[in-house]
$ cat start.cif   # mmCIF, C-alpha atoms
data_query
loop_
_atom_site.label_atom_id
_atom_site.label_comp_id
_atom_site.auth_asym_id
_atom_site.auth_seq_id
_atom_site.Cartn_x
_atom_site.Cartn_y
_atom_site.Cartn_z
CA MET I 1 -9.87 20.37 38.00
CA ASN I 2 -7.26 23.02 38.82
CA SER I 3 -8.60 25.22 41.63
CA SER I 4 -5.41 27.28 41.92
CA PRO I 5 -5.54 31.06 41.44
CA PRO I 6 -4.97 32.41 37.92
CA ALA I 7 -1.35 32.50 36.79
CA GLU I 8 -0.81 36.26 37.17
CA PRO I 9 -1.75 36.52 40.90
CA CYS I 10 0.62 33.61 41.60
CA LEU I 11 3.47 35.96 40.66
CA ARG I 12 2.71 38.34 43.53
CA ALA I 13 5.36 38.74 46.21
CA ALA I 14 2.90 38.57 49.12
CA ALA I 15 2.17 35.03 50.28
CA LEU I 16 -0.77 33.65 52.22
CA ASP I 17 0.26 30.67 54.33
CA VAL I 18 -2.62 28.22 54.87
CA ASP I 19 -2.42 25.74 57.75
CA LEU I 20 -4.33 22.67 56.58
CA THR I 21 -3.83 20.91 59.90
CA ALA I 22 -5.60 23.80 61.63
CA ILE I 23 -8.54 23.48 59.23
CA ALA I 24 -8.84 19.78 60.06
CA ASP I 25 -8.62 20.51 63.79
CA ASN I 26 -11.29 23.21 63.52
CA TYR I 27 -13.57 20.79 61.67
CA ARG I 28 -13.15 18.20 64.43
CA TRP I 29 -13.85 20.89 67.04
CA PHE I 30 -17.22 21.63 65.43
CA ALA I 31 -17.99 17.95 64.89
CA GLN I 32 -17.42 17.27 68.58
CA ARG I 33 -19.73 20.10 69.61
CA ALA I 34 -22.42 18.98 67.19
CA GLY I 35 -23.19 16.04 69.49
CA THR I 36 -25.36 13.51 67.69
CA ALA I 37 -25.74 15.72 64.61
CA ALA I 38 -23.53 15.17 61.58
CA CYS I 39 -21.06 17.90 60.65
CA ALA I 40 -20.81 19.18 57.08
CA ALA I 41 -18.51 21.88 55.71
CA CYS I 42 -19.21 24.98 53.67
CA VAL I 43 -16.54 25.35 50.96
CA LYS I 44 -18.13 27.91 48.67
CA ALA I 45 -16.06 30.67 47.01
CA ASP I 46 -13.04 28.39 46.51
CA ALA I 47 -13.17 27.37 50.19
CA TYR I 48 -13.43 30.99 51.31
CA GLY I 49 -10.50 31.85 49.08
CA LEU I 50 -8.12 29.27 50.53
CA GLY I 51 -8.21 26.75 47.68
CA LEU I 52 -10.94 24.17 47.11
CA ARG I 53 -8.60 21.32 46.15
CA ALA I 54 -6.41 21.43 49.25
CA VAL I 55 -9.18 22.33 51.69
CA ALA I 56 -11.76 19.80 50.45
CA ARG I 57 -9.28 16.93 50.53
CA THR I 58 -8.16 17.96 54.01
CA LEU I 59 -11.75 18.01 55.27
CA TRP I 60 -12.50 14.64 53.68
CA GLN I 61 -9.48 13.14 55.42
CA ALA I 62 -10.74 14.68 58.68
CA GLY I 63 -14.03 12.78 58.29
CA CYS I 64 -16.31 15.26 56.51
CA ARG I 65 -18.69 13.61 54.04
CA GLU I 66 -21.21 16.39 53.28
CA PHE I 67 -20.33 19.71 51.67
CA PHE I 68 -22.13 22.93 50.77
CA VAL I 69 -21.25 25.12 47.78
CA ALA I 70 -22.98 28.16 46.31
CA SER I 71 -23.25 27.29 42.63
CA VAL I 72 -23.48 24.36 40.26
CA GLY I 73 -20.05 25.20 38.87
CA GLU I 74 -18.52 25.00 42.33
CA GLY I 75 -20.30 21.73 42.90
CA ALA I 76 -18.94 20.22 39.69
CA ALA I 77 -15.41 21.27 40.66
CA LEU I 78 -15.85 19.66 44.07
CA ARG I 79 -17.27 16.45 42.56
CA ALA I 80 -14.09 16.06 40.50
CA LEU I 81 -12.13 16.10 43.76
CA LEU I 82 -14.47 14.04 45.95
CA PRO I 83 -16.37 11.41 43.95
CA ASP I 84 -18.24 10.04 46.97
CA ALA I 85 -19.21 13.23 48.79
CA LEU I 86 -22.78 14.47 49.22
CA ILE I 87 -22.77 17.97 47.71
CA TYR I 88 -25.52 20.55 48.23
CA VAL I 89 -25.85 23.61 45.95
CA LEU I 90 -27.16 26.44 48.10
CA ASN I 91 -28.29 28.71 45.26
CA GLY I 92 -30.22 26.01 43.40
CA TYR I 93 -29.74 25.80 39.65
CA LEU I 94 -30.60 27.62 36.44
CA PRO I 95 -32.08 25.82 33.40
CA ALA I 96 -28.77 25.96 31.51
CA GLU I 97 -27.02 24.28 34.45
CA LEU I 98 -29.26 21.20 34.48
CA PRO I 99 -26.88 18.93 32.48
CA THR I 100 -23.99 19.78 34.82
CA LEU I 101 -26.17 19.28 37.88
CA ARG I 102 -27.13 15.80 36.66
CA ALA I 103 -23.65 14.79 35.56
CA ALA I 104 -22.06 15.88 38.83
CA ARG I 105 -24.78 14.25 40.97
CA LEU I 106 -25.43 17.43 42.94
CA LEU I 107 -28.29 17.99 45.37
CA PRO I 108 -29.88 21.37 44.60
CA VAL I 109 -31.32 23.55 47.34
CA LEU I 110 -34.68 24.83 46.11
CA ASN I 111 -35.40 28.34 47.31
CA ASP I 112 -38.70 29.50 45.81
CA PRO I 113 -41.81 28.08 44.10
CA THR I 114 -40.31 28.64 40.65
CA GLN I 115 -37.29 26.47 41.48
CA VAL I 116 -39.57 23.84 43.01
CA ALA I 117 -41.71 23.75 39.86
CA ALA I 118 -38.64 23.50 37.63
CA PHE I 119 -37.27 20.61 39.69
CA GLU I 120 -40.60 18.79 39.50
CA ALA I 121 -40.49 19.11 35.71
CA ASP I 122 -36.82 18.13 35.40
CA PHE I 123 -36.68 15.13 37.76
CA PRO I 124 -39.00 12.15 38.31
CA VAL I 125 -40.91 11.57 41.54
CA GLY I 126 -38.62 10.03 44.12
CA THR I 127 -35.59 12.17 43.23
CA PRO I 128 -34.55 13.99 46.40
CA ALA I 129 -33.82 17.69 46.68
CA ALA I 130 -33.14 20.07 49.52
CA LEU I 131 -35.61 22.79 50.46
CA GLN I 132 -34.63 26.05 52.11
CA ILE I 133 -37.07 27.89 54.37
CA ASP I 134 -36.71 31.62 54.95
CA SER I 135 -37.01 31.76 58.73
CA GLY I 136 -35.84 35.35 59.13
CA MET I 137 -32.80 36.09 56.95
CA THR I 138 -35.01 37.45 54.13
CA ARG I 139 -32.53 36.36 51.51
CA LEU I 140 -33.13 32.99 49.84
CA GLY I 141 -35.76 30.47 50.84
CA LEU I 142 -39.41 29.52 50.59
CA ASP I 143 -41.82 31.60 52.62
CA VAL I 144 -43.68 29.64 55.26
CA GLY I 145 -46.84 30.52 53.35
CA ASP I 146 -45.51 28.61 50.31
CA LEU I 147 -45.44 25.28 52.15
CA PRO I 148 -49.14 24.33 51.90
CA ALA I 149 -48.88 24.62 48.11
CA LEU I 150 -46.13 22.00 47.86
CA GLY I 151 -47.38 18.97 45.96
CA PRO I 152 -47.82 15.49 47.41
CA ARG I 153 -44.44 14.31 46.14
CA TRP I 154 -42.80 16.42 48.86
CA ARG I 155 -44.68 14.53 51.58
CA GLN I 156 -43.20 11.19 50.54
CA PRO I 157 -40.40 9.77 52.72
CA GLY I 158 -36.99 10.80 51.40
CA ALA I 159 -38.31 13.38 48.93
CA ILE I 160 -36.79 16.19 50.97
CA GLY I 161 -33.16 15.21 51.21
CA MET I 162 -32.53 18.15 53.52
CA LEU I 163 -34.64 20.95 54.96
CA LEU I 164 -32.53 23.96 55.85
CA SER I 165 -32.57 27.59 56.80
CA HIS I 166 -29.90 30.15 57.65
CA LEU I 167 -29.43 32.12 60.86
CA ALA I 168 -29.05 35.88 60.53
CA CYS I 169 -27.67 36.79 63.98
CA ALA I 170 -26.09 33.62 65.37
CA GLU I 171 -22.85 35.42 66.25
CA GLN I 172 -24.93 37.38 68.80
CA PRO I 173 -26.16 34.62 71.16
CA ASP I 174 -28.68 36.84 72.95
CA HIS I 175 -30.29 38.26 69.83
CA PRO I 176 -34.05 37.50 69.91
CA LEU I 177 -34.09 36.56 66.23
CA ASN I 178 -32.15 33.37 67.00
CA ARG I 179 -35.02 31.96 69.02
CA GLN I 180 -37.61 33.27 66.56
CA GLN I 181 -35.86 31.60 63.65
CA LEU I 182 -35.62 28.35 65.59
CA GLU I 183 -39.35 28.40 66.29
CA ARG I 184 -40.27 29.21 62.68
CA PHE I 185 -37.95 26.55 61.32
CA THR I 186 -39.19 23.94 63.78
CA ALA I 187 -42.80 24.64 62.76
CA ALA I 188 -41.93 24.19 59.06
CA TRP I 189 -39.96 21.03 59.83
CA GLN I 190 -42.91 19.53 61.68
CA ALA I 191 -45.37 20.54 58.95
CA LEU I 192 -43.26 18.72 56.35
CA GLY I 193 -43.06 15.50 58.33
CA ARG I 194 -39.74 16.10 60.13
CA PRO I 195 -37.30 15.40 57.27
CA ARG I 196 -33.54 15.53 57.79
CA ALA I 197 -32.81 19.14 58.75
CA SER I 198 -30.02 21.70 59.15
CA LEU I 199 -30.10 25.18 60.70
CA ALA I 200 -26.77 25.88 62.43
CA ASN I 201 -23.84 27.62 60.76
CA SER I 202 -20.50 28.13 62.56
CA SER I 203 -21.93 30.48 65.18
CA GLY I 204 -25.18 28.54 65.34
CA VAL I 205 -23.36 25.44 66.55
CA LEU I 206 -22.53 27.36 69.73
CA LEU I 207 -26.16 28.35 70.39
CA GLY I 208 -26.88 24.87 71.71
CA SER I 209 -28.28 21.50 70.74
CA ASP I 210 -31.76 22.88 69.99
CA TRP I 211 -30.29 24.49 66.87
CA HIS I 212 -28.33 21.42 65.71
CA PHE I 213 -31.09 19.21 64.25
CA ASP I 214 -29.55 16.47 62.06
CA LEU I 215 -26.66 18.38 60.47
CA VAL I 216 -24.57 21.44 61.28
CA ARG I 217 -22.71 23.22 58.52
CA PRO I 218 -19.81 25.40 59.71
CA GLY I 219 -18.12 27.65 57.19
CA ALA I 220 -16.09 30.64 58.35
CA GLY I 221 -15.15 28.97 61.62
CA LEU I 222 -13.33 26.22 59.75
CA TYR I 223 -10.98 28.88 58.42
CA GLY I 224 -10.23 30.37 61.83
CA LEU I 225 -12.73 33.25 62.00
CA ASN I 226 -14.19 33.81 65.45
CA PRO I 227 -17.78 32.46 65.68
CA GLN I 228 -18.53 34.74 68.67
CA PRO I 229 -16.65 38.02 68.16
CA ASP I 230 -17.22 39.24 71.73
CA GLN I 231 -15.52 36.14 73.18
CA PRO I 232 -11.99 34.72 72.88
CA ASN I 233 -11.64 32.75 69.67
CA PRO I 234 -11.70 29.01 70.49
CA LEU I 235 -10.53 28.01 67.01
CA ARG I 236 -7.06 27.55 65.62
CA PRO I 237 -5.79 30.33 63.32
CA VAL I 238 -5.49 29.15 59.74
CA VAL I 239 -3.79 31.89 57.72
CA ARG I 240 -0.70 34.04 57.92
CA LEU I 241 0.16 36.77 55.43
CA HIS I 242 3.82 37.55 54.72
CA ALA I 243 5.45 39.99 52.33
CA PRO I 244 9.06 41.12 51.77
CA VAL I 245 10.54 44.48 52.65
CA LEU I 246 11.71 46.28 49.49
CA GLN I 247 13.29 49.39 50.94
CA VAL I 248 14.07 51.07 54.28
CA ARG I 249 14.73 54.79 54.35
CA GLU I 250 15.53 57.50 56.86
CA VAL I 251 13.10 60.45 56.79
CA ARG I 252 12.86 63.85 58.43
CA GLU I 253 10.14 65.18 60.68
CA ASP I 254 7.01 66.33 58.77
CA THR I 255 7.85 64.15 55.75
CA SER I 256 4.64 63.18 53.93
CA VAL I 257 4.02 59.50 53.26
CA GLY I 258 1.98 57.98 50.41
CA TYR I 259 -0.68 59.23 48.05
CA GLY I 260 -2.42 62.44 48.97
CA ALA I 261 0.22 63.28 51.59
CA SER I 262 -2.44 62.33 54.12
CA TYR I 263 0.14 61.15 56.68
CA ARG I 264 3.11 63.15 57.95
CA MET I 265 5.90 61.96 60.19
CA ARG I 266 5.71 63.53 63.63
CA ALA I 267 9.46 63.04 64.21
CA PRO I 268 12.50 61.85 62.27
CA GLY I 269 12.35 58.12 61.69
CA ARG I 270 12.56 55.16 59.32
CA ILE I 271 10.00 53.81 56.90
CA ALA I 272 9.94 50.27 55.47
CA THR I 273 8.17 49.81 52.15
CA VAL I 274 6.63 46.34 51.83
CA ALA I 275 5.53 44.47 48.69
CA CYS I 276 1.82 44.11 49.47
CA GLY I 277 -1.16 46.24 48.50
CA TYR I 278 -4.77 46.13 47.51
CA ALA I 279 -3.87 44.09 44.39
CA ASP I 280 -2.99 41.33 46.87
CA GLY I 281 -6.34 41.69 48.64
CA TYR I 282 -5.04 43.77 51.54
CA PRO I 283 -7.85 46.26 52.28
CA ARG I 284 -7.17 49.86 51.30
CA ALA I 285 -9.59 50.96 54.01
CA ALA I 286 -7.02 49.80 56.59
CA SER I 287 -4.63 52.57 55.55
CA SER I 288 -3.01 54.13 58.62
CA ARG I 289 -5.19 51.88 60.83
CA SER I 290 -3.55 48.46 60.83
CA LEU I 291 -0.39 46.79 62.10
CA ALA I 292 2.32 44.37 61.04
CA LEU I 293 4.72 42.18 62.98
CA VAL I 294 8.35 43.09 62.28
CA ASP I 295 11.11 41.32 64.18
CA GLY I 296 8.54 40.21 66.73
CA ARG I 297 7.15 43.70 67.38
CA ARG I 298 3.99 45.43 66.15
CA MET I 299 4.65 48.29 63.74
CA PRO I 300 1.96 50.66 62.37
CA LEU I 301 0.98 50.95 58.74
CA ILE I 302 1.21 54.60 57.73
CA GLY I 303 -0.04 56.53 54.72
CA ARG I 304 -2.43 55.36 52.06
CA LEU I 305 -2.12 51.78 50.89
CA SER I 306 -1.05 51.49 47.24
CA MET I 307 -1.85 48.86 44.64
CA ASP I 308 1.33 46.89 45.31
CA LEU I 309 2.94 48.59 48.31
CA LEU I 310 2.40 49.61 51.90
CA MET I 311 4.59 51.54 54.30
CA LEU I 312 5.41 50.77 57.92
CA ASP I 313 6.88 53.09 60.50
CA VAL I 314 9.79 51.04 61.87
CA SER I 315 11.45 53.87 63.77
CA ALA I 316 11.11 51.99 67.06
CA LEU I 317 13.22 49.06 65.84
CA PRO I 318 17.02 48.86 66.18
CA PRO I 319 19.05 50.32 63.30
CA GLY I 320 19.42 47.82 60.49
CA THR I 321 16.07 46.16 61.26
CA PRO I 322 14.41 45.25 58.99
CA ARG I 323 16.50 44.88 55.89
CA PRO I 324 15.40 44.60 52.26
CA GLY I 325 14.36 41.01 51.63
CA ASP I 326 13.20 40.36 55.20
CA GLU I 327 9.62 39.10 55.46
CA VAL I 328 7.15 40.92 57.66
CA GLU I 329 4.00 39.29 59.02
CA LEU I 330 0.90 41.23 58.02
CA LEU I 331 -1.48 38.61 59.43
CA GLY I 332 -0.87 35.92 62.01
CA THR I 333 -1.71 34.85 65.54
CA ASP I 334 -0.61 38.21 66.92
CA TYR I 335 -2.80 40.19 64.50
CA ASP I 336 -5.43 37.98 62.89
CA VAL I 337 -7.97 38.20 60.07
CA ASP I 338 -10.73 39.45 62.37
CA ALA I 339 -8.46 42.22 63.69
CA LEU I 340 -7.48 43.42 60.22
CA ALA I 341 -11.08 43.22 59.06
CA ALA I 342 -12.15 45.40 62.00
CA ALA I 343 -9.45 47.94 61.16
CA ALA I 344 -10.75 48.05 57.58
CA GLY I 345 -14.40 48.27 58.58
CA THR I 346 -15.27 44.97 56.95
CA ILE I 347 -15.64 41.31 57.96
CA GLY I 348 -13.22 38.40 57.93
CA TYR I 349 -15.25 36.57 55.27
CA GLU I 350 -14.65 39.30 52.71
CA LEU I 351 -11.01 39.69 53.64
CA LEU I 352 -10.25 35.95 53.35
CA THR I 353 -11.85 35.62 49.92
CA HIS I 354 -9.92 38.62 48.60
CA LEU I 355 -6.55 37.60 50.02
CA GLY I 356 -6.93 33.97 49.00
CA ARG I 357 -7.87 34.87 45.45
CA LEU I 358 -5.07 37.34 44.84
CA CYS I 359 -2.06 36.23 46.92
CA ARG I 360 0.28 33.32 46.40
CA ARG I 361 -0.93 30.48 48.61
CA ARG I 362 1.54 28.32 50.51
CA TYR I 363 0.08 25.25 52.16
CA HIS I 364 1.30 23.69 55.37
CA PRO I 365 2.20 20.95 56.06
CA ALA I 366 4.33 21.17 52.93
CA GLN I 367 3.40 17.68 51.74
CA ALA I 368 -0.20 18.84 51.48
CA ASN I 369 0.63 21.31 48.71
CA PRO I 370 -1.75 20.39 45.88
CA PRO I 371 -0.19 19.73 42.47
CA GLU I 372 -0.81 22.25 39.75
#

$ encode --input "start.cif" --output "structure tokens"
Amino acid sequence: MNSSPPAEPCLRAAALDVDLTAIADNYRWFAQRAGTAACAACVKADAYGLGLRAVARTLWQAGCREFFVASVGEGAALRALLPDALIYVLNGYLPAELPTLRAARLLPVLNDPTQVAAFEADFPVGTPAALQIDSGMTRLGLDVGDLPALGPRWRQPGAIGMLLSHLACAEQPDHPLNRQQLERFTAAWQALGRPRASLANSSGVLLGSDWHFDLVRPGAGLYGLNPQPDQPNPLRPVVRLHAPVLQVREVREDTSVGYGASYRMRAPGRIATVACGYADGYPRAASSRSLALVDGRRMPLIGRLSMDLLMLDVSALPPGTPRPGDEVELLGTDYDVDALAAAAGTIGYELLTHLGRLCRRRYHPAQANPPE
């Protein structure tokens, strides 16, 4: 199945460079810290916008054998790429999705009594499923009070292929909810006969071995986002965003820049207009708040971001720099996804999925570029 972006976004000038080697290295980093627990990978939302085909194959080659997706459709796409993987569907399944679920050999995560009852009607005794417990996220998952009502089939060995829950505050190691969720999840795990279990996401892996159980399932960390925002990022950066300069112009003091004339030049200077905007996934909320790397130096974004364009104040650079056609780096090691997300008042997860969906994607190493 073709997991590339639609044809029209591929024509955009801005390009998102994806380092597949860094993704593999980040996976191995988590696997090493998981100790005796296995290490899965979360690849929902087209691998966080970076391309399911390239990312899933990279992770498989790095040793990953278990994957988490959000929907049955995502699971079917992943099955076409990885015939032998164990694939969990976090959102469960709807009645109309049952044929696809069966054909793709997906393991649904059952999140409430209605889904449990539907699974019992759709599949014979002995067919495994995953159960999710709501230990404190208050999103998806069975309430602890639902557990006594589970039928005897769920007490049989192997009936629960995975028991899981999701941490709400793992990126804050000292948050009291982390320990509370661990205690609630442990109690449910013991009540159900200690089946194979998973609690830790990317940040949860760093909370310690008590949170690891049998399987950890990093997601955002695989793609370079910092699992502990208050600490230096231990992971390799995965993405860089580049776009070409279209025009450089000399302007006078007090010249207004962009829609609404919300920004005015404080002195005479030069402005570079760059072919990237919110149609490429660059956040409009970062207008006049973010930076770009031009000729190795940080330059400020000024004025309101447009659909296809942004403006940089390049007055501090030598005359003739940059020139039309030169690429500027809007994201990279010097100014990463977390930094841009903070400038825009959002999170790296949202930013990655938008950029990856709308920009051209260029994979590195070059031989890893997936065929269309």

$ resolve_selection --input "start.cif" --expression "the PyMOL selection byres ((chain I and resi 327-337) around 8)" --output "list of chain:residue names"
I:Leu225, I:Pro237, I:Val239, I:Arg240, I:Leu241, I:His242, I:Ala243, I:Pro244, I:Val245, I:Val274, I:Leu291, I:Ala292, I:Leu293, I:Val294, I:Asp295, I:Gly325, I:Asp326, I:Asp338, I:Ala339, I:Leu340, I:Ala341, I:Gly348, I:Leu351, I:Leu352

$ atom_distance --input "start.cif" --atom1 "CA of Asp254 in chain I" --atom2 "CA of Tyr282 in chain I"
26.6 Å

$ resolve_selection --input "start.cif" --expression "the PyMOL selection byres ((chain I and resi 236) around 10)" --output "list in words"
Asp19, Thr21, Ala22, Ile23, Ala24, Asp25, Asn26, Trp29, Gly221, Leu222, Tyr223, Gly224, Leu225, Asn226, Asn233, Pro234, Leu235, Pro237, Val238, Val239 and Thr333 of chain I

$ atom_distance --input "start.cif" --atom1 "CA of Tyr27 in chain I" --atom2 "CA of Leu59 in chain I"
7.2 Å

$ atom_distance --input "start.cif" --atom1 "CA of Gln247 in chain I" --atom2 "CA of Met311 in chain I"
9.6 Å

$ residues_around --input "start.cif" --residues "Tyr278 in chain I" --least-positions-apart "5" --cutoff "10 Å" --atoms "only C-alpha atoms" --output "ChimeraX atom specification"
/I:283-285,305-310,354-355,358

$ closest_residue --input "start.cif" --among "I:Phe119, I:Phe30, I:Phe185, I:Tyr48" --to "Trp154 in chain I" --atoms "only C-alpha atoms"
I:Phe119

$ resolve_selection --input "start.cif" --expression "the PyMOL selection byres ((chain I and resi 248) around 10)" --output "ChimeraX atom specification"
/I:245-247,249-251,270-274,311-314,320-324

$ write_last_selection --input "start.cif" --atoms "C-alpha atoms" --output "compact mmCIF listing (two decimals), keeping the file's coordinate frame"
# COMPACT_ATOMS: atom_id res chain seq x y z
CA VAL I 245 10.54 44.48 52.65
CA LEU I 246 11.71 46.28 49.49
CA GLN I 247 13.29 49.39 50.94
CA ARG I 249 14.73 54.79 54.35
CA GLU I 250 15.53 57.50 56.86
CA VAL I 251 13.10 60.45 56.79
CA ARG I 270 12.56 55.16 59.32
CA ILE I 271 10.00 53.81 56.90
CA ALA I 272 9.94 50.27 55.47
CA THR I 273 8.17 49.81 52.15
CA VAL I 274 6.63 46.34 51.83
CA MET I 311 4.59 51.54 54.30
CA LEU I 312 5.41 50.77 57.92
CA ASP I 313 6.88 53.09 60.50
CA VAL I 314 9.79 51.04 61.87
CA GLY I 320 19.42 47.82 60.49
CA THR I 321 16.07 46.16 61.26
CA PRO I 322 14.41 45.25 58.99
CA ARG I 323 16.50 44.88 55.89
CA PRO I 324 15.40 44.60 52.26

$ residues_around --input "start.cif" --residues "range 126-134 of chain I" --least-positions-apart "5" --cutoff "7 Å" --atoms "all atoms listed in the file" --output "list in words"
Leu107, Pro108, Val109, Leu110, Asn111, Leu140, Gly141, Leu142, Asp143, Val144, Gly158, Ala159, Ile160, Gly161, Met162, Leu163, Leu164 and Ser165 of chain I

$ closest_residue --input "start.cif" --among "I:Arg57, I:Arg155, I:His175, I:Arg33" --to "Leu20 in chain I" --atoms "all atoms listed in the file"
I:Arg57

$ closest_residue --input "start.cif" --among "I:Gln228, I:Ser315, I:Ser198, I:Thr353" --to "Glu66 in chain I" --atoms "only C-alpha atoms"
I:Ser198

$ closest_residue --input "start.cif" --among "I:Ala54, I:Cys359, I:Val89, I:Val43" --to "Ala15 in chain I" --atoms "only C-alpha atoms"
I:Cys359

$ residues_around --input "start.cif" --residues "Ala96 in chain I" --least-positions-apart "5" --cutoff "12 Å" --atoms "all atoms listed in the file" --output "PyMOL selection string"
chain I and resi 72-73+101-102+118+122

$ closest_atom_pairs --input "start.cif" --of "range 147-266 of chain I" --to "range 60-64 of chain I" --cutoff "12 Å" --atoms "all atoms listed in the file" --output "tab-separated table"
residue	atom	partner	partner_atom	distance
I:Leu215	CA	I:Cys64	CA	11.5
I:Val216	CA	I:Cys64	CA	11.4
I:Arg217	CA	I:Cys64	CA	10.4
I:Pro218	CA	I:Cys64	CA	11.2
I:Leu222	CA	I:Cys64	CA	11.8

$ residues_around --input "start.cif" --residues "Gly356 in chain I" --least-positions-apart "5" --cutoff "7 Å" --atoms "all atoms listed in the file" --output "ChimeraX atom specification"
/I:16,49-50,361

$ closest_residue --input "start.cif" --among "I:Gly277, I:Pro227, I:Pro99, I:Gly303" --to "Ala261 in chain I" --atoms "all atoms listed in the file"
I:Gly303

$ closest_residue --input "start.cif" --among "I:Phe68, I:Thr58, I:Leu301, I:Phe213" --to "Cys42 in chain I" --atoms "all atoms listed in the file"
I:Phe68

$ residues_near_point --input "start.cif" --point "(-41.3, 15.3, 58.6)" --cutoff "10 Å" --atoms "only C-alpha atoms" --output "list in words"
Trp154, Arg155, Gln156, Pro157, Gly158, Ile160, Leu163, Ala188, Trp189, Gln190, Ala191, Leu192, Gly193, Arg194, Pro195, Arg196 and Ala197 of chain I

$ write_last_selection --input "start.cif" --atoms "C-alpha atoms" --output "PDB file, in the frame of the given file"
ATOM      1  CA  TRP I 154     -42.800  16.420  48.860  1.00  0.00           C
ATOM      2  CA  ARG I 155     -44.680  14.530  51.580  1.00  0.00           C
ATOM      3  CA  GLN I 156     -43.200  11.190  50.540  1.00  0.00           C
ATOM      4  CA  PRO I 157     -40.400   9.770  52.720  1.00  0.00           C
ATOM      5  CA  GLY I 158     -36.990  10.800  51.400  1.00  0.00           C
ATOM      6  CA  ILE I 160     -36.790  16.190  50.970  1.00  0.00           C
ATOM      7  CA  LEU I 163     -34.640  20.950  54.960  1.00  0.00           C
ATOM      8  CA  ALA I 188     -41.930  24.190  59.060  1.00  0.00           C
ATOM      9  CA  TRP I 189     -39.960  21.030  59.830  1.00  0.00           C
ATOM     10  CA  GLN I 190     -42.910  19.530  61.680  1.00  0.00           C
ATOM     11  CA  ALA I 191     -45.370  20.540  58.950  1.00  0.00           C
ATOM     12  CA  LEU I 192     -43.260  18.720  56.350  1.00  0.00           C
ATOM     13  CA  GLY I 193     -43.060  15.500  58.330  1.00  0.00           C
ATOM     14  CA  ARG I 194     -39.740  16.100  60.130  1.00  0.00           C
ATOM     15  CA  PRO I 195     -37.300  15.400  57.270  1.00  0.00           C
ATOM     16  CA  ARG I 196     -33.540  15.530  57.790  1.00  0.00           C
ATOM     17  CA  ALA I 197     -32.810  19.140  58.750  1.00  0.00           C
TER      18      ALA I 197
END
